[in-house]
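*Asks:* Structure file input25.txt (compact mmCIF, C-alpha atoms and all ligand atoms) is given on the next line.
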```txt
# COMPACT_ATOMS: atom_id res chain seq x y z
CA MET D 1 67.05 256.40 110.95
CA THR D 2 70.56 255.32 111.91
CA ASP D 3 71.93 251.85 112.36
CA LEU D 4 72.65 250.71 115.89
CA LEU D 5 75.90 249.11 114.78
CA THR D 6 77.37 252.21 113.17
CA ASP D 7 76.97 255.94 112.92
CA HIS D 8 79.65 256.09 110.21
CA ALA D 9 79.43 255.74 106.47
CA PHE D 10 80.29 252.21 105.40
CA GLN D 11 83.24 253.55 103.45
CA ASP D 12 84.66 255.18 106.60
CA THR D 13 85.44 251.68 107.81
CA TYR D 14 87.58 250.76 104.79
CA PRO D 15 91.24 250.54 105.75
CA GLU D 16 93.70 252.94 104.13
CA GLU D 17 94.93 250.40 101.58
CA LEU D 18 91.33 249.98 100.34
CA SER D 19 90.45 253.68 100.34
CA HIS D 20 91.62 254.55 96.81
CA CYS D 21 88.49 253.63 94.85
CA TYR D 22 87.47 256.30 92.34
CA GLY D 23 83.84 256.07 93.41
CA CYS D 24 84.08 255.86 97.16
CA GLY D 25 87.69 255.99 98.37
CA SER D 26 88.37 258.73 100.87
CA SER D 27 92.05 258.82 99.79
CA ASN D 28 91.39 259.46 96.09
CA PRO D 29 91.67 263.21 95.49
CA HIS D 30 89.96 262.89 92.09
CA GLY D 31 87.20 260.54 93.27
CA LEU D 32 83.52 260.91 94.01
CA HIS D 33 83.84 260.18 97.75
CA LEU D 34 80.45 258.49 97.90
CA ARG D 35 79.36 257.77 101.47
CA SER D 36 76.65 255.22 102.24
CA THR D 37 74.70 254.47 105.41
CA TRP D 38 71.77 252.38 106.59
CA ASP D 39 68.26 253.81 106.53
CA GLY D 40 66.29 251.09 108.24
CA ASP D 41 66.50 248.00 106.04
CA GLU D 42 67.63 250.06 103.06
CA THR D 43 70.91 251.77 102.38
CA VAL D 44 71.18 255.36 101.23
CA ALA D 45 73.73 257.80 99.83
CA THR D 46 73.44 261.24 98.31
CA PHE D 47 75.59 262.80 95.64
CA THR D 48 75.35 266.15 93.88
CA PRO D 49 76.69 265.97 90.30
CA GLN D 50 78.84 268.85 89.15
CA PRO D 51 78.68 270.66 85.79
CA TYR D 52 81.57 268.50 84.49
CA HIS D 53 79.40 265.39 85.05
CA THR D 54 77.38 266.40 81.99
CA ALA D 55 76.09 264.02 79.33
CA LEU D 56 74.01 266.49 77.34
CA PRO D 57 73.56 270.03 78.65
CA GLY D 58 71.33 269.86 81.71
CA PHE D 59 71.57 266.09 82.13
CA VAL D 60 73.81 263.78 84.14
CA TYR D 61 76.32 261.49 82.44
CA GLY D 62 75.17 257.88 82.60
CA GLY D 63 78.60 256.58 83.55
CA LEU D 64 78.48 258.66 86.70
CA ILE D 65 75.12 257.13 87.57
CA ALA D 66 76.58 253.67 87.00
CA SER D 67 79.49 254.56 89.30
CA LEU D 68 77.11 255.64 92.05
CA ILE D 69 75.19 252.37 91.72
CA ASP D 70 78.45 250.40 91.63
CA CYS D 71 79.99 251.86 94.78
CA HIS D 72 76.76 252.13 96.74
CA GLY D 73 76.09 248.52 95.77
CA THR D 74 79.42 247.13 96.93
CA GLY D 75 79.39 249.25 100.09
CA SER D 76 75.87 248.03 100.83
CA ALA D 77 76.97 244.45 100.19
CA SER D 78 79.72 244.73 102.78
CA ALA D 79 77.39 246.35 105.31
CA ALA D 80 74.74 243.68 104.71
CA ALA D 81 77.28 240.90 105.22
CA TYR D 82 78.33 242.43 108.53
CA ARG D 83 74.72 242.94 109.58
CA ALA D 84 73.88 239.33 108.72
CA GLU D 85 76.63 238.26 111.11
CA GLY D 86 75.54 240.80 113.77
CA ARG D 87 78.92 242.49 113.60
CA ALA D 88 80.00 246.13 113.43
CA PRO D 89 81.03 247.22 109.92
CA GLY D 90 84.81 247.12 109.49
CA SER D 91 85.41 244.71 112.35
CA ASP D 92 87.81 241.82 111.79
CA PRO D 93 87.76 239.50 110.02
CA ALA D 94 87.03 241.97 107.23
CA LEU D 95 84.15 241.40 104.80
CA ARG D 96 85.11 243.18 101.55
CA PHE D 97 83.28 242.96 98.25
CA VAL D 98 83.98 243.81 94.62
CA THR D 99 81.57 244.07 91.71
CA ALA D 100 80.98 240.88 89.76
CA SER D 101 78.01 242.23 87.81
CA LEU D 102 76.64 245.75 87.35
CA HIS D 103 73.32 246.29 85.58
CA VAL D 104 71.81 249.76 85.05
CA ASP D 105 68.51 250.86 83.49
CA PHE D 106 68.16 254.53 82.66
CA LEU D 107 64.45 255.19 83.07
CA ARG D 108 64.38 258.89 82.32
CA PRO D 109 66.89 261.73 81.84
CA THR D 110 68.58 262.65 85.12
CA PRO D 111 68.57 266.41 85.68
CA LEU D 112 71.94 268.00 86.42
CA GLY D 113 71.74 270.25 89.46
CA PRO D 114 69.76 268.67 92.29
CA PRO D 115 71.28 266.14 94.67
CA LEU D 116 70.72 262.52 93.72
CA THR D 117 69.59 259.93 96.23
CA VAL D 118 70.93 256.42 95.78
CA ARG D 119 69.01 253.68 97.59
CA GLY D 120 69.89 250.04 97.98
CA ARG D 121 67.73 247.07 98.91
CA ILE D 122 69.46 243.86 99.93
CA GLU D 123 68.09 240.97 97.88
CA GLU D 124 70.36 238.11 98.86
CA VAL D 125 73.19 237.51 101.32
CA LYS D 126 75.40 234.46 100.97
CA GLU D 127 78.83 233.87 102.43
CA ARG D 128 80.66 234.95 99.25
CA LYS D 129 77.96 236.83 97.35
CA VAL D 130 75.49 239.65 98.04
CA VAL D 131 72.90 240.93 95.56
CA VAL D 132 71.66 244.51 95.88
CA SER D 133 68.86 246.29 93.96
CA LEU D 134 69.35 250.01 93.63
CA SER D 135 67.68 253.20 92.51
CA VAL D 136 68.87 256.71 91.75
CA ALA D 137 66.36 259.53 92.26
CA ALA D 138 66.25 263.27 91.72
CA GLY D 139 63.68 264.53 94.18
CA ASP D 140 60.80 262.06 94.07
CA GLN D 141 61.54 260.94 90.51
CA ILE D 142 63.44 257.68 90.07
CA CYS D 143 65.72 258.22 87.08
CA ALA D 144 67.66 254.93 87.08
CA THR D 145 67.52 251.52 88.67
CA GLY D 146 70.24 248.93 88.94
CA ARG D 147 71.40 245.63 90.29
CA VAL D 148 74.81 244.75 91.68
CA VAL D 149 76.12 241.25 92.26
CA ALA D 150 78.97 241.69 94.72
CA VAL D 151 81.46 238.93 95.50
CA ARG D 152 84.02 238.72 98.27
CA LEU D 153 87.29 240.44 97.40
CA PRO D 154 89.49 237.84 95.67
CA ALA D 155 93.06 237.36 96.83
CA SER D 156 94.23 238.41 93.35
CA MET D 157 92.88 241.96 93.95
CA ALA D 158 93.72 242.36 97.61
CA PRO D 159 96.46 244.93 98.23
CA PRO D 160 99.27 243.90 100.55
CA PRO D 161 98.70 244.95 104.16
CA PRO D 162 100.63 248.06 105.25
CA ALA D 163 104.23 247.40 106.28
C1 LIG D 201 87.17 245.92 98.50
C2 LIG D 201 86.46 246.93 99.36
C3 LIG D 201 86.92 248.33 99.25
C4 LIG D 201 87.07 248.80 97.85
C5 LIG D 201 85.77 249.21 97.27
C6 LIG D 201 85.77 249.01 95.81
C7 LIG D 201 84.38 248.89 95.28
C8 LIG D 201 84.37 249.27 93.87
C9 LIG D 201 83.58 248.39 93.04
C10 LIG D 201 84.41 248.02 91.85
O1 LIG D 201 84.40 248.70 90.89
S1 LIG D 201 85.36 246.60 91.98
C11 LIG D 201 86.19 246.54 90.37
C12 LIG D 201 85.40 245.80 89.34
N1 LIG D 201 85.33 244.37 89.65
C13 LIG D 201 86.34 243.54 89.34
O2 LIG D 201 87.35 243.90 88.80
C14 LIG D 201 86.12 242.09 89.69
C15 LIG D 201 86.79 241.17 88.67
N2 LIG D 201 86.20 239.82 88.76
C16 LIG D 201 86.70 238.91 89.63
O3 LIG D 201 87.70 239.09 90.31
C17 LIG D 201 85.91 237.64 89.75
O4 LIG D 201 85.17 237.41 88.58
C18 LIG D 201 84.94 237.68 90.98
C19 LIG D 201 85.76 237.75 92.27
C20 LIG D 201 83.97 238.84 90.90
C21 LIG D 201 84.10 236.40 90.99
O5 LIG D 201 84.96 235.30 90.72
P1 LIG D 201 84.87 233.98 91.57
O6 LIG D 201 85.59 232.89 90.83
O7 LIG D 201 85.32 234.28 92.96
O8 LIG D 201 83.29 233.73 91.55
P2 LIG D 201 82.56 232.37 91.61
O9 LIG D 201 82.50 231.74 90.29
O10 LIG D 201 83.10 231.58 92.78
O11 LIG D 201 81.07 232.86 91.96
C22 LIG D 201 80.71 233.29 93.24
C23 LIG D 201 79.23 233.67 93.15
O12 LIG D 201 79.14 234.90 92.41
C24 LIG D 201 78.34 234.70 91.25
N3 LIG D 201 78.96 235.46 90.15
C25 LIG D 201 80.26 235.51 89.82
N4 LIG D 201 80.45 236.30 88.78
C26 LIG D 201 79.21 236.74 88.40
C27 LIG D 201 78.73 237.59 87.37
N5 LIG D 201 79.55 238.17 86.49
N6 LIG D 201 77.42 237.81 87.31
C28 LIG D 201 76.57 237.27 88.19
N7 LIG D 201 76.96 236.46 89.22
C29 LIG D 201 78.27 236.20 89.30
C30 LIG D 201 78.41 233.20 90.97
O13 LIG D 201 77.27 232.79 90.22
C31 LIG D 201 78.39 232.65 92.37
O14 LIG D 201 77.08 232.73 92.90
P3 LIG D 201 76.45 231.53 93.78
O15 LIG D 201 77.30 231.48 95.03
O16 LIG D 201 75.03 231.93 94.03
O17 LIG D 201 76.61 230.28 92.94
```
Could you show the structure in this file as structure tokens?
*Replies:*
Amino acid sequence: MTDLLTDHAFQDTYPEELSHCYGCGSSNPHGLHLRSTWDGDETVATFTPQPYHTALPGFVYGGLIASLIDCHGTGSASAAAYRAEGRAPGSDPALRFVTASLHVDFLRPTPLGPPLTVRGRIEEVKERKVVVSLSVAAGDQICATGRVVAVRLPASMAPPPPA
């Protein structure tokens, strides 16, 4: 199912100066380029780990899983804030979020090879804070769950607008 307000990934709406994130920035040549969309009331992204994302042979590195939860969580937070206001993602004034808290539980080893599905469920939307519950699954097996508290981008982290 697609969202009526967007047929783009949330991260496609980030402006160039905010597109350098290792996890989801389209301008980072070394990054993961995670792309997240709505699926009804949930958010979803898929990512296929590569052999260099190994923890132990055959299993995905936990830090990668945390990164997927982190960036899908903050992207979902931004999308949820826009949806709560009935606005198209990326429209001005911008609603940008960074991670205040990232919690991950590794429920079972995550196999390296199949694509992973990251799902987000919006738990709370306030003006400056959004809480998202997340899961990471290989096929129909949930391998990790997580929780992201996302807070509006502080002025201290905001890059200067392009000249
Ligand atoms: C920007 C978009 C495009 C780029 C995408 C990048 C996404 C990538 C995700 C990341 O990795 S971001 C990098 C990692 N994060 C940081 O470096 C953030 C560093 N921390 C901060 O700058 C501040 O601590 C932060 C802005 C997160 C919060 O400081 P504030 O002083 O603005 O928070 P405040 O005390 O006003 O709290 C606001 C709400 O957040 C809650 N909160 C703050 N920190 C929390 C925490 N650590 N755990 C749980 N809740 C927290 C706080 O309880 C409160 O909730 P309530 O409104 O319900 O009362």
*Asks:* Select the residues contacting ligand LIG 201 (chain D) at a distance of at most 10 Å, based on all atoms listed in the file, then format the selection as a count of residues only.
*Replies:* 56
*Asks:* Taking only C-alpha atoms into account, name the residue in D:Ser135, D:Thr110, D:Thr145, D:Thr48 that is nearest to D:Arg35.
*Replies:*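 Counting only C-alpha atoms, the residue closest to D:Arg35 is D:Thr48.
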*Asks:* What does the structure give for the distance between atom CA of D:Gly139 and atom CA of D:Ile65, in Å to one decimal?
*Replies:*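 Going from atom CA of D:Gly139 over to atom CA of D:Ile65, I get 15.1 Å.
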*Asks:* Just how far from atom CA of D:Ala80 is atom CA of D:Gly31, in Å to one decimal?
*Replies:*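 It comes out at 23.9 Å.
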*Asks:* D:His8, D:Ala138, D:Leu64, D:Thr37: which is nearest D:Pro115, counting all atoms listed in the file?
*Replies:*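 The answer is D:Ala138, which sits nearest to D:Pro115.
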